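Raw my_file.cif, mmCIF, C-alpha atoms:
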```
data_start
loop_
_atom_site.label_atom_id
_atom_site.label_comp_id
_atom_site.auth_asym_id
_atom_site.auth_seq_id
_atom_site.Cartn_x
_atom_site.Cartn_y
_atom_site.Cartn_z
CA MET A 1 0.00 0.00 0.00
CA VAL A 2 1.30 3.46 -0.91
CA ASN A 3 1.66 5.83 2.03
CA PRO A 4 -0.22 9.11 1.71
CA VAL A 5 1.89 12.19 0.98
CA PRO A 6 2.28 14.40 4.08
CA LEU A 7 0.91 17.58 2.55
CA GLY A 8 2.39 19.97 5.11
CA ARG A 9 5.93 18.66 4.67
CA PHE A 10 5.47 18.65 0.91
CA VAL A 11 4.56 22.35 0.94
CA LEU A 12 7.52 23.17 3.18
CA PHE A 13 9.75 21.17 0.86
CA GLY A 14 8.55 23.27 -2.06
CA LEU A 15 9.19 26.52 -0.20
CA ALA A 16 12.69 25.37 0.73
CA PHE A 17 13.32 24.51 -2.93
CA ILE A 18 12.31 28.02 -4.02
CA ARG A 19 14.60 29.59 -1.43
CA ALA A 20 17.50 27.39 -2.54
CA LEU A 21 17.17 28.65 -6.12
CA ARG A 22 18.56 31.98 -4.91
CA SER A 23 21.98 30.40 -4.24
CA PRO A 24 23.17 29.31 -7.69
CA ARG A 25 26.81 29.01 -6.67
CA MET A 26 25.82 26.02 -4.51
CA TRP A 27 24.10 24.04 -7.25
CA ARG A 28 25.34 25.14 -10.68
CA GLY A 29 28.33 22.77 -10.68
CA SER A 30 26.17 19.77 -9.80
CA LEU A 31 23.63 20.89 -12.39
CA LEU A 32 26.03 20.22 -15.25
CA VAL A 33 26.82 16.76 -13.88
CA GLU A 34 23.14 15.92 -13.54
CA LEU A 35 22.37 17.17 -17.04
CA ARG A 36 24.94 14.81 -18.49
CA ARG A 37 23.83 11.85 -16.39
CA GLN A 38 20.12 12.28 -16.90
CA SER A 39 20.28 12.88 -20.65
CA SER A 40 22.50 9.85 -21.27
CA ASP A 41 20.39 7.64 -19.01
CA SER A 42 16.97 8.52 -20.38
CA LEU A 43 17.49 9.23 -24.09
CA PRO A 44 17.68 5.59 -25.35
CA LEU A 45 14.54 4.49 -23.50
CA VAL A 46 12.57 7.59 -24.50
CA ILE A 47 13.50 7.18 -28.17
CA LEU A 48 12.52 3.49 -28.06
CA LEU A 49 9.17 4.23 -26.42
CA THR A 50 8.28 7.05 -28.78
CA VAL A 51 9.30 5.11 -31.88
CA MET A 52 6.99 2.29 -30.85
CA GLY A 53 4.28 4.82 -30.00
CA GLY A 54 4.55 6.52 -33.39
CA THR A 55 4.42 3.19 -35.17
CA LEU A 56 1.41 2.03 -33.17
CA ILE A 57 -0.59 5.24 -33.69
CA SER A 58 0.12 5.25 -37.42
CA LEU A 59 -0.85 1.60 -37.90
CA GLN A 60 -4.00 1.92 -35.80
CA THR A 61 -5.06 5.06 -37.65
CA GLY A 62 -4.52 3.42 -41.03
CA TYR A 63 -6.45 0.30 -40.06
CA GLN A 64 -9.42 2.23 -38.68
CA PHE A 65 -9.74 5.09 -41.17
CA GLY A 66 -7.64 4.17 -44.21
CA ASP A 67 -10.60 3.00 -46.30
CA SER A 68 -13.11 5.67 -45.29
CA LEU A 69 -11.12 8.93 -45.25
CA PRO A 70 -8.61 10.63 -47.59
CA ASN A 71 -5.09 9.28 -47.24
CA TRP A 72 -3.69 12.57 -45.96
CA VAL A 73 -5.90 12.31 -42.87
CA VAL A 74 -3.58 9.57 -41.59
CA GLY A 75 -0.76 12.11 -41.29
CA SER A 76 -3.00 14.65 -39.60
CA ILE A 77 -4.33 12.20 -37.01
CA VAL A 78 -0.86 10.80 -36.33
CA ALA A 79 0.58 14.29 -35.84
CA SER A 80 -2.23 15.43 -33.55
CA SER A 81 -1.99 12.28 -31.43
CA LEU A 82 1.79 12.20 -31.18
CA VAL A 83 2.54 15.86 -30.66
CA THR A 84 -0.02 16.73 -28.05
CA GLU A 85 -0.48 13.49 -26.12
CA VAL A 86 1.38 10.28 -26.90
CA THR A 87 4.95 11.54 -27.23
CA PRO A 88 4.90 13.84 -24.16
CA LEU A 89 3.30 11.09 -22.09
CA PHE A 90 5.92 8.53 -23.16
CA VAL A 91 8.66 11.05 -22.43
CA GLY A 92 7.19 11.50 -18.96
CA PHE A 93 7.15 7.74 -18.35
CA GLY A 94 10.72 7.45 -19.62
CA LEU A 95 11.80 10.19 -17.23
CA MET A 96 9.99 8.44 -14.43
CA GLY A 97 11.63 5.08 -15.13
CA MET A 98 15.20 6.23 -15.75
CA ILE A 99 15.54 9.43 -13.72
CA GLY A 100 12.85 9.49 -11.05
CA THR A 101 13.57 6.02 -9.72
CA ARG A 102 17.31 6.74 -9.56
CA ILE A 103 16.76 9.99 -7.68
CA ALA A 104 14.42 8.32 -5.18
CA ALA A 105 16.86 5.46 -4.61
CA GLU A 106 19.92 7.71 -4.30
CA LEU A 107 18.38 10.17 -1.89
CA GLY A 108 16.64 7.40 0.02
CA ALA A 109 19.96 5.59 0.52
CA MET A 110 21.63 8.83 1.58
CA GLN A 111 18.84 9.47 4.07
CA VAL A 112 18.92 6.05 5.74
CA THR A 113 22.74 6.05 5.91
CA GLU A 114 22.62 9.50 7.57
CA GLN A 115 24.59 11.24 4.82
CA VAL A 116 21.90 13.92 4.67
CA ASP A 117 22.18 14.44 8.43
CA ALA A 118 25.95 14.74 8.04
CA LEU A 119 25.49 17.60 5.57
CA GLU A 120 23.28 19.40 8.06
CA VAL A 121 25.78 18.84 10.89
CA ILE A 122 28.56 20.59 8.95
CA GLY A 123 26.20 23.46 8.14
CA ARG A 124 25.31 22.52 4.57
CA ASP A 125 21.71 22.77 3.45
CA PRO A 126 20.87 19.54 1.54
CA MET A 127 18.36 21.32 -0.68
CA PRO A 128 20.77 23.24 -2.97
CA TYR A 129 23.29 20.40 -3.03
CA LEU A 130 21.00 17.40 -3.52
CA VAL A 131 17.58 18.50 -4.77
CA VAL A 132 17.88 21.68 -6.84
CA PRO A 133 20.40 20.38 -9.40
CA ARG A 134 18.40 17.18 -9.92
CA VAL A 135 15.09 18.99 -10.41
CA LEU A 136 16.47 21.70 -12.68
CA ALA A 137 18.37 19.15 -14.75
CA ALA A 138 15.27 16.96 -15.15
CA THR A 139 13.27 20.00 -16.26
CA LEU A 140 15.79 20.89 -18.95
CA VAL A 141 16.26 17.27 -20.00
CA GLY A 142 12.49 16.87 -20.32
CA GLY A 143 12.38 19.73 -22.82
CA MET A 144 15.35 18.36 -24.73
CA LEU A 145 13.90 14.85 -24.88
CA ILE A 146 10.64 16.16 -26.28
CA CYS A 147 12.51 17.56 -29.30
CA PHE A 148 14.31 14.28 -30.04
CA ALA A 149 11.25 12.18 -29.27
CA LEU A 150 8.97 14.15 -31.59
CA VAL A 151 11.37 13.71 -34.49
CA ALA A 152 11.77 9.99 -33.79
CA SER A 153 8.04 9.34 -33.34
CA MET A 154 7.07 11.26 -36.48
CA ILE A 155 9.63 9.41 -38.60
CA ALA A 156 8.42 6.10 -37.17
CA GLY A 157 4.81 7.09 -37.89
CA TRP A 158 5.70 8.09 -41.44
CA LEU A 159 7.52 4.80 -42.15
CA ALA A 160 4.66 2.76 -40.72
CA ALA A 161 2.13 4.73 -42.74
CA ILE A 162 3.83 4.28 -46.12
CA LEU A 163 4.56 0.60 -45.47
CA ALA A 164 1.27 -0.56 -44.00
CA THR A 165 -1.44 1.92 -45.09
CA PRO A 166 -2.63 3.35 -48.41
CA ALA A 167 -1.02 6.72 -47.60
CA GLU A 168 2.07 7.76 -49.53
CA THR A 169 4.84 10.08 -48.41
CA HIS A 170 3.29 13.25 -49.82
CA ASP A 171 -0.11 12.32 -48.35
CA PHE A 172 1.34 11.77 -44.89
CA TRP A 173 3.35 14.99 -44.72
CA PHE A 174 0.52 17.01 -46.20
CA GLY A 175 -1.65 15.83 -43.31
CA VAL A 176 1.10 16.68 -40.84
CA ARG A 177 1.44 20.20 -42.26
CA TYR A 178 -2.33 20.63 -42.17
CA TYR A 179 -2.30 20.04 -38.40
CA MET A 180 1.01 21.72 -37.48
CA ARG A 181 -0.11 25.30 -37.95
CA ASP A 182 -0.02 26.90 -34.53
CA PHE A 183 0.52 25.99 -30.87
CA PRO A 184 0.98 22.19 -30.66
CA MET A 185 4.79 22.07 -30.78
CA PHE A 186 5.12 24.66 -28.04
CA PHE A 187 2.45 22.84 -26.08
CA ALA A 188 4.47 19.59 -26.27
CA LEU A 189 7.54 21.46 -25.01
CA ILE A 190 5.54 22.80 -22.06
CA LYS A 191 4.55 19.25 -21.18
CA GLY A 192 8.11 17.98 -21.44
CA LEU A 193 9.46 20.68 -19.14
CA THR A 194 6.61 20.21 -16.67
CA PHE A 195 6.81 16.42 -16.57
CA GLY A 196 10.58 16.51 -16.10
CA GLY A 197 10.51 18.96 -13.22
CA ALA A 198 7.55 17.32 -11.49
CA THR A 199 9.08 13.85 -11.77
CA ALA A 200 12.36 14.86 -10.14
CA PHE A 201 10.65 17.00 -7.50
CA VAL A 202 8.33 14.20 -6.36
CA ALA A 203 11.15 11.64 -6.44
CA SER A 204 13.39 13.92 -4.37
CA PHE A 205 10.71 14.49 -1.76
CA VAL A 206 9.89 10.79 -1.44
CA GLY A 207 13.59 9.91 -1.29
CA LEU A 208 14.31 12.33 1.52
CA GLU A 209 11.30 11.02 3.46
CA THR A 210 12.77 7.50 3.49
CA GLN A 211 13.03 5.61 6.77
CA GLY A 212 13.89 2.05 7.75
CA GLY A 213 17.11 0.94 6.10
CA SER A 214 17.22 -1.03 2.85
CA THR A 215 13.58 -2.04 3.18
CA GLY A 216 12.67 1.61 3.46
CA VAL A 217 14.62 2.43 0.30
CA GLY A 218 12.67 -0.23 -1.59
CA SER A 219 9.39 1.15 -0.28
CA ALA A 220 10.49 4.67 -1.17
CA VAL A 221 11.16 3.70 -4.79
CA LYS A 222 7.78 1.98 -4.98
CA ASN A 223 6.01 5.00 -3.51
CA ALA A 224 7.94 7.32 -5.82
CA VAL A 225 6.92 5.36 -8.93
CA VAL A 226 3.23 5.45 -8.00
CA SER A 227 3.38 9.12 -7.01
CA MET A 228 5.23 10.13 -10.19
CA MET A 229 2.81 8.21 -12.38
CA LEU A 230 -0.20 9.84 -10.77
CA CYS A 231 1.49 13.24 -10.98
CA ILE A 232 2.25 12.88 -14.71
CA VAL A 233 -1.28 11.79 -15.55
CA ALA A 234 -2.81 14.53 -13.38
CA LEU A 235 -0.61 17.20 -15.00
CA ASP A 236 -1.53 15.86 -18.43
CA VAL A 237 -5.22 16.21 -17.60
CA LEU A 238 -4.73 19.73 -16.22
CA LEU A 239 -2.57 20.93 -19.12
CA THR A 240 -4.74 19.54 -21.94
CA PRO A 241 -7.37 22.33 -21.75
CA LEU A 242 -4.51 24.79 -22.25
CA LEU A 243 -4.32 23.74 -25.89
CA LYS A 244 -7.85 24.97 -26.57
CA ILE A 245 -7.44 28.11 -24.48
CA VAL A 246 -4.15 29.32 -25.96
CA ARG A 247 -4.15 28.04 -29.52
CA ILE A 248 -4.90 30.56 -32.25
#
```
Please go through the file and, once you have read it, give me the structure as C-alpha cells.
Amino acid sequence: MVNPVPLGRFVLFGLAFIRALRSPRMWRGSLLVELRRQSSDSLPLVILLTVMGGTLISLQTGYQFGDSLPNWVVGSIVASSLVTEVTPLFVGFGLMGMIGTRIAAELGAMQVTEQVDALEVIGRDPMPYLVVPRVLAATLVGGMLICFALVASMIAGWLAAILATPAETHDFWFGVRYYMRDFPMFFALIKGLTFGGATAFVASFVGLETQGGSTGVGSAVKNAVVSMMLCIVALDVLLTPLLKIVRI
C-alpha cells in the first residue's frame, strides 16, 4: 500500500526549494553533472518508447480510417496524437523510469545512511546540493527529450504509414502540415518541461522522506513510482485544456 503524501511537509519542501534557487553558486556545478547523467540515461529508453508509440498510432489510424477517409488524414491524425499526447506522455514515463527512480533510490539511501544528516551537521543545506540540481536538470532534459522524441516518433509514424497503409509520403506529410499550424509544438515542449521537473521533485521528496534501512529504500522507490505516475497523468489532464485556451 502506498503511504499518503504528508501535505504539510510537501509544501515546506517546495518553499525550501524556491529559497535554494537563490543560491546558484551552490548548485550550478552539480547541475552540469546531472544534465549529463540524466540525458545519457533517459534518451535511449525515450527514443525506443516514442518510436513504438509513433508506429502504433500510425498503424492503428490506417487500419481504422484508411478506407473511409482521404489518405492525408492519416498524417493529420498521427501528428495530432503524437505531438499533443502520446509523445509527451511517453517522455514522462521514460523520465519516471530512468531518472525518477534513480533519484528516489539515491536520496533514500543517503537518508537512511545519515549522509543527509551529516550535511546538516557541517552546516550545509541539503536542498541546494542534492535536490535543486536534480530537479532543474530533469526540467531541462524533459524539454530536450521532447525535441528528439517528436522527431523519432514522427519518422516512425511516417515509415509505418507508407509501409502498411494506403497513404504515400506526400499524403502523410501534407496531413502533418495541415495540423502543425499553430501551438501544438510549443504545447508539447511545455509538457516535457513540466513532466521533467515534477518527476524529479516528487522523487526527491519521497527519497528524503525514506526511513527504515534497505527495506525503506525499496518502499520509497515503490512510492515514488506510483506518485510520479499519478502526478504525470494529473498534470496531463490539467494541461490539456490549455491547448484549446491558448491556440490561435
I'd like the contact shell of stretch 53-56 of chain A - 7 Å cut-off, all atoms listed in the file, skipping same-chain residues fewer than 5 positions apart - returned as a PyMOL selection string. chain A and resi 82+86+153-154+156-157+160
Stretch 90-173 of chain A near stretch 195-218 of chain A within 10 Å: what's each residue's closest atom pair and its distance in Å to one decimal, counting all atoms listed in the file, ordered by chain then ascending residue number, as JSON lines?
```
{"residue": "A:Val91", "atom": "CA", "partner": "A:Phe195", "partner_atom": "CA", "distance": 8.2}
{"residue": "A:Gly92", "atom": "CA", "partner": "A:Phe195", "partner_atom": "CA", "distance": 5.5}
{"residue": "A:Phe93", "atom": "CA", "partner": "A:Phe195", "partner_atom": "CA", "distance": 8.9}
{"residue": "A:Gly94", "atom": "CA", "partner": "A:Gly196", "partner_atom": "CA", "distance": 9.7}
{"residue": "A:Leu95", "atom": "CA", "partner": "A:Gly196", "partner_atom": "CA", "distance": 6.5}
{"residue": "A:Met96", "atom": "CA", "partner": "A:Thr199", "partner_atom": "CA", "distance": 6.1}
{"residue": "A:Gly97", "atom": "CA", "partner": "A:Thr199", "partner_atom": "CA", "distance": 9.7}
{"residue": "A:Ile99", "atom": "CA", "partner": "A:Ala200", "partner_atom": "CA", "distance": 7.2}
{"residue": "A:Gly100", "atom": "CA", "partner": "A:Ala203", "partner_atom": "CA", "distance": 5.4}
{"residue": "A:Thr101", "atom": "CA", "partner": "A:Ala203", "partner_atom": "CA", "distance": 6.9}
{"residue": "A:Arg102", "atom": "CA", "partner": "A:Ala203", "partner_atom": "CA", "distance": 8.5}
{"residue": "A:Ile103", "atom": "CA", "partner": "A:Ala203", "partner_atom": "CA", "distance": 6.0}
{"residue": "A:Ala104", "atom": "CA", "partner": "A:Gly207", "partner_atom": "CA", "distance": 4.3}
{"residue": "A:Ala105", "atom": "CA", "partner": "A:Val217", "partner_atom": "CA", "distance": 6.2}
{"residue": "A:Glu106", "atom": "CA", "partner": "A:Gly207", "partner_atom": "CA", "distance": 7.3}
{"residue": "A:Leu107", "atom": "CA", "partner": "A:Gly207", "partner_atom": "CA", "distance": 4.8}
{"residue": "A:Gly108", "atom": "CA", "partner": "A:Gly207", "partner_atom": "CA", "distance": 4.2}
{"residue": "A:Ala109", "atom": "CA", "partner": "A:Val217", "partner_atom": "CA", "distance": 6.2}
{"residue": "A:Met110", "atom": "CA", "partner": "A:Leu208", "partner_atom": "CA", "distance": 8.1}
{"residue": "A:Gln111", "atom": "CA", "partner": "A:Leu208", "partner_atom": "CA", "distance": 5.9}
{"residue": "A:Val112", "atom": "CA", "partner": "A:Gly213", "partner_atom": "CA", "distance": 5.4}
{"residue": "A:Thr113", "atom": "CA", "partner": "A:Gly213", "partner_atom": "CA", "distance": 7.6}
{"residue": "A:Val116", "atom": "CA", "partner": "A:Leu208", "partner_atom": "CA", "distance": 8.4}
{"residue": "A:Pro126", "atom": "CA", "partner": "A:Leu208", "partner_atom": "CA", "distance": 9.7}
{"residue": "A:Met127", "atom": "CA", "partner": "A:Ser204", "partner_atom": "CA", "distance": 9.6}
{"residue": "A:Leu130", "atom": "CA", "partner": "A:Ser204", "partner_atom": "CA", "distance": 8.4}
{"residue": "A:Val131", "atom": "CA", "partner": "A:Ser204", "partner_atom": "CA", "distance": 6.2}
{"residue": "A:Val132", "atom": "CA", "partner": "A:Phe201", "partner_atom": "CA", "distance": 8.6}
{"residue": "A:Pro133", "atom": "CA", "partner": "A:Ala200", "partner_atom": "CA", "distance": 9.8}
{"residue": "A:Arg134", "atom": "CA", "partner": "A:Ala200", "partner_atom": "CA", "distance": 6.5}
{"residue": "A:Val135", "atom": "CA", "partner": "A:Ala200", "partner_atom": "CA", "distance": 5.0}
{"residue": "A:Leu136", "atom": "CA", "partner": "A:Gly197", "partner_atom": "CA", "distance": 6.6}
{"residue": "A:Ala137", "atom": "CA", "partner": "A:Gly197", "partner_atom": "CA", "distance": 8.0}
{"residue": "A:Ala138", "atom": "CA", "partner": "A:Gly196", "partner_atom": "CA", "distance": 4.8}
{"residue": "A:Thr139", "atom": "CA", "partner": "A:Gly197", "partner_atom": "CA", "distance": 4.2}
{"residue": "A:Leu140", "atom": "CA", "partner": "A:Gly196", "partner_atom": "CA", "distance": 7.4}
{"residue": "A:Val141", "atom": "CA", "partner": "A:Gly196", "partner_atom": "CA", "distance": 6.9}
{"residue": "A:Gly142", "atom": "CA", "partner": "A:Gly196", "partner_atom": "CA", "distance": 4.6}
{"residue": "A:Gly143", "atom": "CA", "partner": "A:Gly196", "partner_atom": "CA", "distance": 7.7}
{"residue": "A:Leu145", "atom": "CA", "partner": "A:Gly196", "partner_atom": "CA", "distance": 9.5}
```
Since we have the selection now, will you write its residues out, keeping C-alpha atoms, as a compact mmCIF listing (two decimals), keeping the file's coordinate frame?
```txt
# COMPACT_ATOMS: atom_id res chain seq x y z
CA VAL A 91 8.66 11.05 -22.43
CA GLY A 92 7.19 11.50 -18.96
CA PHE A 93 7.15 7.74 -18.35
CA GLY A 94 10.72 7.45 -19.62
CA LEU A 95 11.80 10.19 -17.23
CA MET A 96 9.99 8.44 -14.43
CA GLY A 97 11.63 5.08 -15.13
CA ILE A 99 15.54 9.43 -13.72
CA GLY A 100 12.85 9.49 -11.05
CA THR A 101 13.57 6.02 -9.72
CA ARG A 102 17.31 6.74 -9.56
CA ILE A 103 16.76 9.99 -7.68
CA ALA A 104 14.42 8.32 -5.18
CA ALA A 105 16.86 5.46 -4.61
CA GLU A 106 19.92 7.71 -4.30
CA LEU A 107 18.38 10.17 -1.89
CA GLY A 108 16.64 7.40 0.02
CA ALA A 109 19.96 5.59 0.52
CA MET A 110 21.63 8.83 1.58
CA GLN A 111 18.84 9.47 4.07
CA VAL A 112 18.92 6.05 5.74
CA THR A 113 22.74 6.05 5.91
CA VAL A 116 21.90 13.92 4.67
CA PRO A 126 20.87 19.54 1.54
CA MET A 127 18.36 21.32 -0.68
CA LEU A 130 21.00 17.40 -3.52
CA VAL A 131 17.58 18.50 -4.77
CA VAL A 132 17.88 21.68 -6.84
CA PRO A 133 20.40 20.38 -9.40
CA ARG A 134 18.40 17.18 -9.92
CA VAL A 135 15.09 18.99 -10.41
CA LEU A 136 16.47 21.70 -12.68
CA ALA A 137 18.37 19.15 -14.75
CA ALA A 138 15.27 16.96 -15.15
CA THR A 139 13.27 20.00 -16.26
CA LEU A 140 15.79 20.89 -18.95
CA VAL A 141 16.26 17.27 -20.00
CA GLY A 142 12.49 16.87 -20.32
CA GLY A 143 12.38 19.73 -22.82
CA LEU A 145 13.90 14.85 -24.88
```
Using only C-alpha atoms, collect all residues at a distance of at most 8 Å from (1.4, 9.8, -17.8) as written in the file, then present them as a list of chain:residue names. A:Leu89, A:Phe90, A:Gly92, A:Phe93, A:Met229, A:Leu230, A:Cys231, A:Ile232, A:Val233, A:Ala234, A:Asp236
Find the axis-aligned box for stretch 109-124 of chain A, covering all its listed atoms and adding 5 Å on each side, and write its centre and edge lengths in Å to one decimal as JSON.
```
{"center_x": 23.7, "center_y": 14.5, "center_z": 5.7, "size_x": 19.7, "size_y": 27.9, "size_z": 20.4}
```
Could you write out as a count of residues only the residues that the PyMOL selection byres ((chain A and resi 62) around 8) matches in the shown file? 13
When you draw a straight line from atom CA of A:Thr84 to atom CA of A:Leu239, how long is it in Å? 10.2 Å
Starting from the displayed file, determine the output of the PyMOL selection byres ((chain A and resi 148) around 12) and express the residue list as a count of residues only. 32
Saved stretch 126-137 of chain A from the preceding structure, C-alpha atoms, as a tab-separated table (two decimals), in the first residue's frame:
```tsv
chain	number	residue	atom	x	y	z
A	126	PRO	CA	20.87	19.54	1.54
A	127	MET	CA	18.36	21.32	-0.68
A	128	PRO	CA	20.77	23.24	-2.97
A	129	TYR	CA	23.29	20.40	-3.03
A	130	LEU	CA	21.00	17.40	-3.52
A	131	VAL	CA	17.58	18.50	-4.77
A	132	VAL	CA	17.88	21.68	-6.84
A	133	PRO	CA	20.40	20.38	-9.40
A	134	ARG	CA	18.40	17.18	-9.92
A	135	VAL	CA	15.09	18.99	-10.41
A	136	LEU	CA	16.47	21.70	-12.68
A	137	ALA	CA	18.37	19.15	-14.75
```
